[in-house]
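**Q** Supplied in structure tokens, the structure appears directly below.
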Amino acid sequence: MNTSSNAAPQIDPRGPRFGAGITMVLLLITIALGLQAPGAGDLGTRVMEPAFLVLGALTLLFAWGAFAGIARHPYGLIFKALVRPRLGAPDFMEATAPPTFAQLIGFLVSLTGVVLHILGVPWGLVGAASVAFVAAFLNAVFGLCLGCEMYALLVRAKLIRPTA
Amino acid sequence: MDPLQIVVILAALLLVATLLGFAWQNAQGRVHRHKADSLPPDVPPELVDQSTRFTLLQFSGPFCSYCDAMRGVLQRAVVAHPGVVSHREIDITDHPELTSALRVSQTPTTFIVTTTGHVVSRISGAAKPPVIESEIQNALTSRKAASDEYLI
């Protein structure tokens, strides 16, 4: 008896996990760069710092996943073209809504880092990037998607209505 | 900040994330065995398959990522023990009272239940096939002992 309430499109769960691996590496680079230059100087120099540029790019990538849907994320397309043909069939498939919601959470966290950096809050960028890094690491290495768990909890609590 | 300090901070961050991951992994597939049968039964007998000795009763939820994987594991256990165990899956949103009575706090949670509705084992989170196999073996031996006692 299959009681899962999603007739919605499904994806290979290893796709978002692969994407989280790339995100994790980029976030670690962001944190290293951010620690080197902790958001000092005027606004003009702050927004040209490499850490800010990398986190800005990651924020846009999260926005892509959150608003276009996880299935249209560029990492997902790389996974489909290059990685999935080399793998066996997945043990199970996954609904697209939870990882898409997780992208939204990633977007909000990285956007917080971007805004704090623009406002000149010391270590704001590094702090937000660290939070996002832990989440990306848990997803990539352990297969625990915190944003997806949040989505399931919010649907169960009827705080959000499930989207396809 | 000098490079050594940066390396130490990055290493600490990796360590924290790894420990969190292991803590989560440890909580998956955790087993709790029930020793005595309660009265009334834990699970209404109509939710239990009466044609086999034990039912693997899986509690699933909407958008639960590992429920599908758990279903596969349990269905393979049914194939390995034909006529002995069966698999039933219920949605926690359809059975809120039972979910709270059994204190199901995560999905998937699986119970090994007798035909009378008594829980033998509880497996919280997604579990690997050997865990399910050992709990089925435990159910078979412990319930055998219980019925022998009854006959004497």
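Chains: A, B, ... in order of the structure tokens. Residues: from 1 per chain. Ligands: from 1, in order shown.
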Near chain B, meaning an atom within 8 Å, which residues of chain A appear when counting only C-alpha atoms? Write them as a ChimeraX atom specification.
**A** /A:1-6,28,31-32,35-37,91-95,98,130,134,137-138,142,144,148-149,151-152,155-156
**Q** Keeping only C-alpha atoms, write the selected residues to a file as a compact mmCIF listing (two decimals), in the first residue's frame.
**A**
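Result saved to result30.txt:
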```txt
# COMPACT_ATOMS: atom_id res chain seq x y z
CA MET A 1 0.00 0.00 0.00
CA ASN A 2 1.55 3.24 -1.08
CA THR A 3 0.25 6.06 1.06
CA SER A 4 2.68 8.76 -0.01
CA SER A 5 0.52 11.71 -0.91
CA ASN A 6 2.57 12.91 -3.85
CA LEU A 28 34.11 26.37 2.43
CA ILE A 31 34.43 31.03 4.57
CA ALA A 32 38.21 30.83 4.00
CA LEU A 35 38.17 34.94 7.29
CA GLN A 36 41.05 36.47 5.33
CA ALA A 37 39.21 39.78 4.83
CA ASP A 91 16.77 2.75 -4.45
CA PHE A 92 13.90 5.22 -4.33
CA MET A 93 12.73 8.48 -5.85
CA GLU A 94 11.98 11.74 -4.09
CA ALA A 95 9.32 14.44 -4.51
CA PRO A 98 11.08 19.30 -0.24
CA SER A 130 29.04 28.58 8.10
CA VAL A 134 26.88 22.70 7.85
CA PHE A 137 27.71 19.11 4.35
CA LEU A 138 25.02 17.08 6.13
CA PHE A 142 25.15 12.01 5.28
CA LEU A 144 20.30 14.46 5.71
CA CYS A 148 13.45 18.89 3.41
CA GLU A 149 12.82 17.85 7.04
CA TYR A 151 9.27 21.18 4.78
CA ALA A 152 7.76 17.85 5.94
CA VAL A 155 3.25 20.44 5.95
CA ARG A 156 2.37 18.12 8.85
```
**Q** Give me, as a PyMOL selection string, all polymer residues having an atom no more than 9 Å from stretch 28-44 of chain B, counting only C-alpha atoms and skipping those fewer than 2 positions away in the same chain.
**A** chain B and resi 24-26+46-48+98+101-102+109+113+116-128+131+135
**Q** Run DSSP on the backbone and give me the residues of chain B it puts in strand (DSSP E or B), as a VMD selection string.
**A** chain B and resid 30 to 33 54 to 60 85 to 91 109 to 114 119 to 124
**Q** For A:Phe18, list every protein, DNA or RNA residue within 10 Å, evaluated using only C-alpha atoms, and leave out those in the same chain fewer than 5 positions away; present the list as a ChimeraX atom specification.
**A** /A:13,23-24,75-76,78-79,83,139-141
**Q** So which residues touch stretch 51-53 of chain A within 12 Å, counting only C-alpha atoms, skipping near sequence neighbours fewer than 6 positions away, as a PyMOL selection string?
**A** chain A and resi 26-40+43-45+59-60+110-118+120+123-126+128-129
**Q** Between atom CA of A:Ala57 and atom CA of A:Asp12, what is the distance, to one decimal in Å?
**A**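 Between atom CA of A:Ala57 and atom CA of A:Asp12 the gap works out to 25.1 Å.
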**Q** Just give me the gap between atom CA of B:Ala80 and atom CA of B:Lys144 in Å, one decimal is fine.
**A**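 Atom CA of B:Lys144 lies at a distance of 19.3 Å from atom CA of B:Ala80.
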**Q** Step one, run DSSP on the backbone; step two, keep only residues of stretch 80-116 of chain B assigned to alpha helix (DSSP H); then write them as a list in words.
**A** Ala80, Pro96, Glu97, Leu98, Thr99, Ser100 and Ala101 of chain B
**Q** Pick the closest to B:Asp49 from B:Thr115, B:Gln137, B:Thr110, B:Thr99: which is it, counting only C-alpha atoms?
**A** B:Thr115
**Q** Could you check how far atom CA of A:Gly106 sits from atom CA of A:Lys158, in Å to one decimal?
**A**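 So the two atoms, atom CA of A:Gly106 and atom CA of A:Lys158, lie 21.8 Å apart.
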**Q** Which one is closest to B:Ala77: B:Ile136, B:Leu4, B:Ala23, B:Ala12? Count only C-alpha atoms.
**A** B:Ile136
